[in-house]
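Data block below; observations after.
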There are 2 protein chains.
Amino acid sequence: MKKVTMADVAKLANVSKSTVSQYLNKRYEYMSEETRKRIAQAIEELGYQPNVIARSLKQKTTATIGVIVFNMLHMLTTQVLHAIEEECQKRGFHVIICNSNDDPEKEKKYVNMLLAKQVDGLIVFPTGKNEEVYRHLVEERFPLVFVDRMVPGVEVDSVLLDNFKAAEMAVDYLASHGYDRIAIVLPPLVAYNVPRMERFEGFRIAMEKRGFVVDENNIIAVTPALLPDELKKRFAKPERPNALFAINDLTLMGVLRFVKETDICVPEDLAIINIDDVPFADIYTPRLTTIAQPTFSMGKKATEQLFVQIEQKRKGKPRVFRFSPILKERTSIRRKD
Amino acid sequence: MKKVTMADVAKLANVSKSTVSQYLNKRYEYMSEETRKRIAQAIEELGYQPNVIARSLKQKTTATIGVIVFNMLHMLTTQVLHAIEEECQKRGFHVIICNSNDDPEKEKKYVNMLLAKQVDGLIVFPTGKNEEVYRHLVEERFPLVFVDRMVPGVEVDSVLLDNFKAAEMAVDYLASHGYDRIAIVLPPLVAYNVPRMERFEGFRIAMEKRGFVVDENNIIAVTPALLPDELKKRFAKPERPNALFAINDLTLMGVLRFVKETDICVPEDLAIINIDDVPFADIYTPRLTTIAQPTFSMGKKATEQLFVQIEQKRKGKPRVFRFSPILKERTSIRRKD
DNA sequence: TTTAGTTCAGAAAACGTTTTCATAAACCGG
DNA sequence: CCGGTTTATGAAAACGTTTTCTGAACTAAA
């Protein structure tokens, strides 16, 4: 479709391409009112639109960043993405979004494709299983920030929830409301999933600090799909927990499904708290007390941090930004007397 | 960071750039085993990665499409986006995602920026208020498909829910379960929002077909935030509805909030059905009967259709693809005797 | 030996910008 | 009227590819 180029404009306006280029870049210093008019007119007349690709080639900058996420359907992702888009929009940047689907191979492929496409920076929700790839990026001092997860051996600016605090918050809130048999429910622990580990560790430590013992039986680490059954098994055993701490929204769903399939009353028989605010928290019965992540701030921060890297080729040591979780007090926990 | 170019490879391999280019494009026809080896070796040694921007400039194609959505946080958007990404991934294409936030000005700006960036096609969840922009695109025969909404005066391939059928489905399901005072709840009607209009029209027609009269009082058209109050007002009046049809997930939230704030029992006092499946439908009490959109298929179709346009510069008349809604029978409606 | 294909590979011209540098024209004070 | 500034513009070389064309070297047929 688009055919008209700068040369056409130049011809019509009776000036050289250089002059048109100057005009477009608003370098009006030494340009007569007259020429300016003629160029404006020519552009108008031809409906000229500069070709950004050509400009990119010359300038070695594309005003585009890449974002690779490991799960597009996750609420957290959506919300952080939203903030990233908004921040980029402000700066006239575009966002290419890629879904690694938690597959390291795909993630690797995407990193390379995006580099080939000359993106100016990368925000990654890392699978965690591509150490060499990440490391290569930092060696090349390529602008990069991690979100949600971080990767142990790799030093990169990272934006994360303060997972310890979140877990501690959960335990404290439950304990201070009189609950004493707290179980944690989470997907199986794996080393490369840092937040998961941290939440679990935070839980353990907070429990100990409170003088609670963490019964093996009260660590319910199983993939979400199997959760309802696993919980039923647990509740068939003695010393039932009277509170459940679900490590994220997905496990919360498992917990709620379990609750629904049994005749357990929340919060009378069982208190529930979880990390990740969910859209239905307010309309569920009982209203769900949750520990929200400040997703919007996190996305904003990640983008800002990426831009400081882009602008001033990385100065000091990479930093890890920990965001404070936010307790949303509702009614799935009630003072126990 | 990246410095090594085709010229470097050529030098090291002792061949010309042209030959390297041939190699990269796998045009091995007239290339000696020997040269091939040397080039491969040189590429390996230098860690060469082709610059896609340069290629794009020459080839006038970027292997990138743009997607402009009017609401990034909407579930439908997320899911369709997911499908789009997946389809593009298969074809080695990238997706630039832009959020117009239902602001026509932003949408227009984005269209132009994406064109300037030479994307190969555009999938738009249109605001509906940019007729000239859309029209310009179709005049230029630029590959374009609309999703979710369509735009009356503009002929473009569009992927939509069969909204009439969805509304009819709701009415029929309610009616066949013995409900006779059905109210529709929706945001205020506006002409540029086609699905909203269609759902409303579908509702009216289905009601008439069933011999129901649609009482003015049973058209609750108000912005979601005000819904709970508006519903309370309605329920203070006589001839209360015994069933509510919420036109989408957002209005459903309003309805549920209302329910929660009163002592109305679902489904005993009031049946609820809505368009858009929601993630908590299964764990809510009662489990929510919904009319789901086949979001994944819709995203897939949109992408496929875009690619037929990209490949064979649009042949016949644009088509509108209507996707059948899917009734998810749960328990927020129960046979009324 | 010449001729006519083959096989291979390089030179050079695009693609549409930006940017540097040169220089023409106009002005200006003495 | 003359050098020196200032003001305004253009020529041309990049940027890193792809692609077309040309031609060298080799082979096989005449």
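Chain identifiers are assigned as A, B, and so on, following the order in which chains appear in the structure tokens; residues are numbered from 1 within each chain, and ligands are numbered from 1 in order of appearance.
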Legend entry - Residues near segment 251-260 of chain A, cut-off 10 Å, only C-alpha atoms (C1' of nucleotides), skip fewer than 3 positions along chain, as a count of residues only: 40
Legend entry - Shell of 8 Å around segment 214-217 of chain B, only C-alpha atoms (C1' of nucleotides), local chain residues under 3 positions omitted, as number ranges by chain: B: 183, 204, 207-208, 220, 234
Could the residues in this selection be saved with C-alpha atoms as a CSV table (one decimal), in the first residue's frame?
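Final output, selection_32.csv:
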chain,number,residue,atom,x,y,z
B,183,ALA,CA,-34.8,-8.7,33.6
B,204,ARG,CA,-36.1,-8.4,23.2
B,207,MET,CA,-38.7,-12.5,24.9
B,208,GLU,CA,-41.3,-11.5,22.3
B,220,ILE,CA,-31.6,-2.2,33.9
B,234,ARG,CA,-35.7,-2.1,41.2
Inset, instruction - Find the residues near segment 159-175 of chain A: any atom within 6 Å, counting only C-alpha atoms (C1' of nucleotides), skip ones fewer than 3 places away on the same chain, and give them as a PyMOL selection string. - result: chain A and resi 147-148+178-179+198-199+202-203+206+321-325
Save out the residues we just selected, all heavy atoms, as an mmCIF file, in the first residue's frame.
data_model
loop_
_atom_site.group_PDB
_atom_site.id
_atom_site.type_symbol
_atom_site.label_atom_id
_atom_site.label_comp_id
_atom_site.auth_asym_id
_atom_site.auth_seq_id
_atom_site.Cartn_x
_atom_site.Cartn_y
_atom_site.Cartn_z
ATOM 1 N N VAL A 147 10.824 -10.046 36.252
ATOM 2 C CA VAL A 147 9.642 -9.757 37.049
ATOM 3 C C VAL A 147 9.108 -11.053 37.638
ATOM 4 O O VAL A 147 9.195 -12.113 37.007
ATOM 5 C CB VAL A 147 8.541 -9.088 36.196
ATOM 6 C CG1 VAL A 147 7.274 -8.887 37.006
ATOM 7 C CG2 VAL A 147 9.016 -7.755 35.650
ATOM 8 N N ASP A 148 8.590 -10.950 38.828
ATOM 9 C CA ASP A 148 7.918 -12.051 39.521
ATOM 10 C C ASP A 148 8.885 -13.104 40.042
ATOM 11 O O ASP A 148 8.900 -13.404 41.215
ATOM 12 C CB ASP A 148 6.860 -12.705 38.631
ATOM 13 C CG ASP A 148 6.007 -13.685 39.432
ATOM 14 O OD1 ASP A 148 5.653 -13.333 40.577
ATOM 15 O OD2 ASP A 148 5.719 -14.788 38.937
ATOM 16 N N GLY A 178 -6.117 -15.951 66.528
ATOM 17 C CA GLY A 178 -6.388 -17.114 67.373
ATOM 18 C C GLY A 178 -6.268 -18.456 66.691
ATOM 19 O O GLY A 178 -6.582 -19.484 67.281
ATOM 20 N N TYR A 179 -5.790 -18.467 65.455
ATOM 21 C CA TYR A 179 -5.640 -19.754 64.777
ATOM 22 C C TYR A 179 -4.287 -20.343 65.130
ATOM 23 O O TYR A 179 -3.273 -19.639 65.164
ATOM 24 C CB TYR A 179 -5.781 -19.593 63.268
ATOM 25 C CG TYR A 179 -7.178 -19.194 62.894
ATOM 26 C CD1 TYR A 179 -7.541 -17.858 62.843
ATOM 27 C CD2 TYR A 179 -8.148 -20.163 62.631
ATOM 28 C CE1 TYR A 179 -8.831 -17.480 62.524
ATOM 29 C CE2 TYR A 179 -9.444 -19.801 62.312
ATOM 30 C CZ TYR A 179 -9.782 -18.455 62.260
ATOM 31 O OH TYR A 179 -11.060 -18.103 61.958
ATOM 32 N N GLU A 198 10.565 -19.029 48.535
ATOM 33 C CA GLU A 198 10.593 -17.959 49.521
ATOM 34 C C GLU A 198 9.326 -17.939 50.368
ATOM 35 O O GLU A 198 9.373 -17.714 51.576
ATOM 36 C CB GLU A 198 10.768 -16.610 48.827
ATOM 37 C CG GLU A 198 12.140 -16.421 48.220
ATOM 38 C CD GLU A 198 12.300 -15.078 47.536
ATOM 39 O OE1 GLU A 198 11.261 -14.401 47.278
ATOM 40 O OE2 GLU A 198 13.438 -14.691 47.244
ATOM 41 N N ARG A 199 8.216 -18.152 49.723
ATOM 42 C CA ARG A 199 6.957 -18.132 50.481
ATOM 43 C C ARG A 199 6.941 -19.265 51.485
ATOM 44 O O ARG A 199 6.509 -19.105 52.621
ATOM 45 C CB ARG A 199 5.762 -18.217 49.523
ATOM 46 C CG ARG A 199 5.571 -16.935 48.756
ATOM 47 C CD ARG A 199 4.533 -17.002 47.657
ATOM 48 N NE ARG A 199 4.725 -15.866 46.748
ATOM 49 C CZ ARG A 199 3.920 -15.580 45.740
ATOM 50 N NH1 ARG A 199 2.864 -16.314 45.483
ATOM 51 N NH2 ARG A 199 4.185 -14.531 44.976
ATOM 52 N N GLY A 202 9.436 -18.405 54.203
ATOM 53 C CA GLY A 202 8.847 -17.342 55.014
ATOM 54 C C GLY A 202 7.812 -17.914 55.973
ATOM 55 O O GLY A 202 7.741 -17.532 57.149
ATOM 56 N N PHE A 203 7.056 -18.843 55.456
ATOM 57 C CA PHE A 203 6.037 -19.487 56.284
ATOM 58 C C PHE A 203 6.692 -20.235 57.437
ATOM 59 O O PHE A 203 6.338 -20.052 58.605
ATOM 60 C CB PHE A 203 5.226 -20.453 55.409
ATOM 61 C CG PHE A 203 4.281 -21.330 56.166
ATOM 62 C CD1 PHE A 203 3.069 -20.826 56.637
ATOM 63 C CD2 PHE A 203 4.587 -22.674 56.400
ATOM 64 C CE1 PHE A 203 2.181 -21.644 57.327
ATOM 65 C CE2 PHE A 203 3.706 -23.490 57.088
ATOM 66 C CZ PHE A 203 2.505 -22.969 57.558
ATOM 67 N N ALA A 206 8.231 -17.819 59.977
ATOM 68 C CA ALA A 206 7.214 -17.085 60.737
ATOM 69 C C ALA A 206 6.539 -17.997 61.762
ATOM 70 O O ALA A 206 6.246 -17.593 62.883
ATOM 71 C CB ALA A 206 6.181 -16.493 59.781
ATOM 72 N N PHE A 321 14.161 -5.252 43.564
ATOM 73 C CA PHE A 321 13.137 -4.423 44.186
ATOM 74 C C PHE A 321 12.065 -5.328 44.785
ATOM 75 O O PHE A 321 11.422 -6.093 44.070
ATOM 76 C CB PHE A 321 12.519 -3.484 43.164
ATOM 77 C CG PHE A 321 13.517 -2.556 42.546
ATOM 78 C CD1 PHE A 321 14.217 -2.924 41.411
ATOM 79 C CD2 PHE A 321 13.792 -1.325 43.123
ATOM 80 C CE1 PHE A 321 15.164 -2.087 40.844
ATOM 81 C CE2 PHE A 321 14.728 -0.474 42.573
ATOM 82 C CZ PHE A 321 15.425 -0.855 41.438
ATOM 83 N N ARG A 322 11.910 -5.191 46.079
ATOM 84 C CA ARG A 322 10.920 -6.017 46.767
ATOM 85 C C ARG A 322 9.692 -5.180 47.054
ATOM 86 O O ARG A 322 9.786 -4.149 47.719
ATOM 87 C CB ARG A 322 11.501 -6.492 48.101
ATOM 88 C CG ARG A 322 12.608 -7.484 47.960
ATOM 89 C CD ARG A 322 12.034 -8.823 47.562
ATOM 90 N NE ARG A 322 13.095 -9.807 47.426
ATOM 91 C CZ ARG A 322 12.855 -11.094 47.161
ATOM 92 N NH1 ARG A 322 11.610 -11.511 47.003
ATOM 93 N NH2 ARG A 322 13.849 -11.924 47.032
ATOM 94 N N PHE A 323 8.559 -5.623 46.586
ATOM 95 C CA PHE A 323 7.337 -4.867 46.827
ATOM 96 C C PHE A 323 6.547 -5.448 47.994
ATOM 97 O O PHE A 323 6.393 -6.662 48.110
ATOM 98 C CB PHE A 323 6.485 -4.831 45.567
ATOM 99 C CG PHE A 323 6.946 -3.772 44.626
ATOM 100 C CD1 PHE A 323 8.139 -3.908 43.945
ATOM 101 C CD2 PHE A 323 6.214 -2.607 44.465
ATOM 102 C CE1 PHE A 323 8.600 -2.919 43.093
ATOM 103 C CE2 PHE A 323 6.664 -1.610 43.620
ATOM 104 C CZ PHE A 323 7.854 -1.766 42.924
ATOM 105 N N SER A 324 6.068 -4.557 48.815
ATOM 106 C CA SER A 324 5.334 -5.006 49.986
ATOM 107 C C SER A 324 3.959 -5.511 49.616
ATOM 108 O O SER A 324 3.215 -4.852 48.890
ATOM 109 C CB SER A 324 5.186 -3.861 50.983
ATOM 110 O OG SER A 324 6.421 -3.639 51.605
ATOM 111 N N PRO A 325 3.623 -6.663 50.118
ATOM 112 C CA PRO A 325 2.278 -7.198 49.916
ATOM 113 C C PRO A 325 1.271 -6.347 50.680
ATOM 114 O O PRO A 325 1.630 -5.647 51.625
ATOM 115 C CB PRO A 325 2.365 -8.594 50.509
ATOM 116 C CG PRO A 325 3.528 -8.567 51.430
ATOM 117 C CD PRO A 325 4.476 -7.548 50.907
#
Inset, instruction - For chain C, list the residues within 7 Å of chain B, counting only C-alpha atoms (C1' of nucleotides), and write the list as a PyMOL selection string. - result: chain C and resi 7-10+15
Please produce an output containing N, CA, C and O atoms (P, O5', C5', C4', C3', O3' and C1' of nucleotides) for each residue in the selection, written as a tab-separated table (two decimals), in the first residue's frame.
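Printed below is part-v5.tsv as written:
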chain	number	residue	atom	x	y	z
C	7	DT	P	25.44	-28.04	-12.94
C	7	DT	O5'	26.38	-27.27	-11.90
C	7	DT	C5'	27.45	-26.75	-12.41
C	7	DT	C4'	28.51	-26.39	-11.42
C	7	DT	C3'	28.08	-25.97	-10.04
C	7	DT	O3'	29.16	-26.28	-9.16
C	7	DT	C1'	28.93	-24.11	-11.23
C	8	DC	P	28.89	-26.16	-7.57
C	8	DC	O5'	29.26	-24.63	-7.35
C	8	DC	C5'	30.57	-24.35	-6.87
C	8	DC	C4'	30.93	-22.93	-7.20
C	8	DC	C3'	30.66	-21.94	-6.08
C	8	DC	O3'	31.89	-21.75	-5.40
C	8	DC	C1'	30.30	-21.03	-8.27
C	9	DA	P	31.83	-21.09	-3.96
C	9	DA	O5'	31.83	-19.57	-4.38
C	9	DA	C5'	32.97	-19.10	-5.10
C	9	DA	C4'	32.77	-17.67	-5.47
C	9	DA	C3'	32.31	-16.77	-4.32
C	9	DA	O3'	33.25	-15.72	-4.28
C	9	DA	C1'	31.01	-16.39	-6.25
C	10	DG	P	33.33	-14.77	-3.00
C	10	DG	O5'	33.29	-13.37	-3.76
C	10	DG	C5'	34.20	-13.18	-4.83
C	10	DG	C4'	33.72	-12.04	-5.69
C	10	DG	C3'	33.39	-10.78	-4.89
C	10	DG	O3'	33.84	-9.67	-5.65
C	10	DG	C1'	31.52	-11.42	-6.14
C	15	DC	P	14.62	1.18	-4.40
C	15	DC	O5'	14.06	0.84	-2.96
C	15	DC	C5'	13.86	-0.49	-2.52
C	15	DC	C4'	13.98	-0.53	-1.02
C	15	DC	C3'	13.77	0.83	-0.35
C	15	DC	O3'	12.42	0.96	0.01
C	15	DC	C1'	15.59	-0.44	0.62
For chain D against chain B, with a cut-off of 12 Å and counting only C-alpha atoms (C1' of nucleotides), what is the closest atom pair and its distance in Å to one decimal for every residue that makes the cut, ordered by chain and number, as CSV?
residue,atom,partner,partner_atom,distance
D:DC15,C1',B:Ala54,CA,8.0
D:DG16,C1',B:Ala54,CA,5.1
D:DT17,C1',B:Arg55,CA,4.7
D:DT18,C1',B:Lys58,CA,6.3
D:DT19,C1',B:Ser18,CA,8.6
D:DT20,C1',B:Ser18,CA,10.7
Inset, instruction - Can you check which residues of segment 212-283 of chain A DSSP gives as strand (DSSP E or B) on the backbone and send them as number ranges by chain? - result: A: 219-221, 243-246, 271-275
So that I have them on file, write out the residues from the current selection with N, CA, C and O atoms, as a PDB file, in the first residue's frame.
ATOM      1  N   ILE A 219       1.940 -29.407  55.485  1.00  0.00           N
ATOM      2  CA  ILE A 219       2.555 -28.863  54.277  1.00  0.00           C
ATOM      3  C   ILE A 219       1.941 -29.620  53.113  1.00  0.00           C
ATOM      4  O   ILE A 219       2.289 -30.772  52.849  1.00  0.00           O
ATOM      5  N   ILE A 220       1.016 -29.007  52.479  1.00  0.00           N
ATOM      6  CA  ILE A 220       0.276 -29.709  51.445  1.00  0.00           C
ATOM      7  C   ILE A 220       0.780 -29.230  50.099  1.00  0.00           C
ATOM      8  O   ILE A 220       0.313 -28.241  49.543  1.00  0.00           O
ATOM      9  N   ALA A 221       1.793 -29.934  49.617  1.00  0.00           N
ATOM     10  CA  ALA A 221       2.483 -29.505  48.404  1.00  0.00           C
ATOM     11  C   ALA A 221       2.108 -30.423  47.260  1.00  0.00           C
ATOM     12  O   ALA A 221       2.678 -31.494  47.095  1.00  0.00           O
ATOM     13  N   ALA A 243      -6.707 -23.462  59.813  1.00  0.00           N
ATOM     14  CA  ALA A 243      -6.461 -22.355  58.877  1.00  0.00           C
ATOM     15  C   ALA A 243      -5.615 -22.841  57.719  1.00  0.00           C
ATOM     16  O   ALA A 243      -4.722 -23.671  57.889  1.00  0.00           O
ATOM     17  N   LEU A 244      -5.899 -22.278  56.538  1.00  0.00           N
ATOM     18  CA  LEU A 244      -5.158 -22.658  55.333  1.00  0.00           C
ATOM     19  C   LEU A 244      -4.544 -21.410  54.716  1.00  0.00           C
ATOM     20  O   LEU A 244      -5.216 -20.385  54.538  1.00  0.00           O
ATOM     21  N   PHE A 245      -3.282 -21.531  54.387  1.00  0.00           N
ATOM     22  CA  PHE A 245      -2.596 -20.431  53.709  1.00  0.00           C
ATOM     23  C   PHE A 245      -2.265 -20.903  52.298  1.00  0.00           C
ATOM     24  O   PHE A 245      -1.401 -21.755  52.100  1.00  0.00           O
ATOM     25  N   ALA A 246      -2.974 -20.348  51.329  1.00  0.00           N
ATOM     26  CA  ALA A 246      -2.749 -20.741  49.929  1.00  0.00           C
ATOM     27  C   ALA A 246      -1.739 -19.778  49.319  1.00  0.00           C
ATOM     28  O   ALA A 246      -1.894 -18.566  49.390  1.00  0.00           O
ATOM     29  N   ALA A 271     -10.231 -21.105  58.553  1.00  0.00           N
ATOM     30  CA  ALA A 271      -9.920 -19.781  58.013  1.00  0.00           C
ATOM     31  C   ALA A 271      -9.122 -19.953  56.729  1.00  0.00           C
ATOM     32  O   ALA A 271      -8.397 -20.929  56.567  1.00  0.00           O
ATOM     33  N   ILE A 272      -9.269 -19.004  55.813  1.00  0.00           N
ATOM     34  CA  ILE A 272      -8.527 -19.084  54.553  1.00  0.00           C
ATOM     35  C   ILE A 272      -7.875 -17.746  54.266  1.00  0.00           C
ATOM     36  O   ILE A 272      -8.508 -16.688  54.393  1.00  0.00           O
ATOM     37  N   ILE A 273      -6.631 -17.814  53.883  1.00  0.00           N
ATOM     38  CA  ILE A 273      -5.951 -16.608  53.413  1.00  0.00           C
ATOM     39  C   ILE A 273      -5.059 -17.030  52.263  1.00  0.00           C
ATOM     40  O   ILE A 273      -4.624 -18.183  52.187  1.00  0.00           O
ATOM     41  N   ASN A 274      -4.793 -16.110  51.367  1.00  0.00           N
ATOM     42  CA  ASN A 274      -3.926 -16.481  50.242  1.00  0.00           C
ATOM     43  C   ASN A 274      -3.202 -15.267  49.692  1.00  0.00           C
ATOM     44  O   ASN A 274      -3.576 -14.119  49.954  1.00  0.00           O
ATOM     45  N   ILE A 275      -2.167 -15.548  48.920  1.00  0.00           N
ATOM     46  CA  ILE A 275      -1.463 -14.493  48.213  1.00  0.00           C
ATOM     47  C   ILE A 275      -2.095 -14.360  46.829  1.00  0.00           C
ATOM     48  O   ILE A 275      -2.489 -15.366  46.238  1.00  0.00           O
TER      49      ILE A 275
END
Inset, instruction - For Thr78 of chain B, list every protein, DNA or RNA residue within 8 Å, evaluated using only C-alpha atoms (C1' of nucleotides), and leave out those in the same chain fewer than 5 positions away; present the list as a PyMOL selection string. - result: (chain A and resi 72-73+78) or (chain B and resi 72-73)
Export N, CA, C and O atoms of the chosen residues as a short mmCIF file (atom, residue, chain, number, x, y, z; two decimals), in the first residue's frame?
data_model
loop_
_atom_site.label_atom_id
_atom_site.label_comp_id
_atom_site.auth_asym_id
_atom_site.auth_seq_id
_atom_site.Cartn_x
_atom_site.Cartn_y
_atom_site.Cartn_z
N MET A 72 0.60 -16.42 30.07
CA MET A 72 -0.17 -15.25 29.66
C MET A 72 -1.51 -15.15 30.34
O MET A 72 -2.10 -14.09 30.42
N LEU A 73 -2.03 -16.28 30.81
CA LEU A 73 -3.40 -16.27 31.30
C LEU A 73 -3.48 -15.92 32.78
O LEU A 73 -4.56 -15.67 33.31
N THR A 78 -1.29 -10.43 33.39
CA THR A 78 -2.14 -9.46 32.71
C THR A 78 -1.98 -8.07 33.30
O THR A 78 -1.83 -7.08 32.59
N MET B 72 -7.29 -4.05 28.19
CA MET B 72 -6.31 -5.13 28.40
C MET B 72 -6.67 -6.02 29.57
O MET B 72 -6.21 -7.16 29.65
N LEU B 73 -7.43 -5.50 30.51
CA LEU B 73 -7.65 -6.25 31.74
C LEU B 73 -8.84 -7.20 31.64
O LEU B 73 -9.04 -8.04 32.50
#
Inset, instruction - Would you list, as a PyMOL selection string, the residues of segment 150-212 of chain B that end up in alpha helix (DSSP H) under DSSP run on this structure's backbone? - result: chain B and resi 163-176+194-209
Inset, instruction - Can you pull out every residue within 9 Å of Val4 of chain B, counting only C-alpha atoms (C1' of nucleotides), but drop anything in the same chain fewer than 5 positions away, and send it as a list of chain:residue names? - result: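 Contacts, in chain order: B:Val9, B:Leu46, B:Gly47, B:Tyr48, B:Gln49, B:Pro50.
For the pair atom CA of Val194 of chain A and atom CA of Val124 of chain A, the separation is 14.5 Å.
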Legend entry - Shortest interatomic distance to chain B - which of A:Glu87, A:Glu304, A:Glu34, A:Glu239, counting only C-alpha atoms: A:Glu87
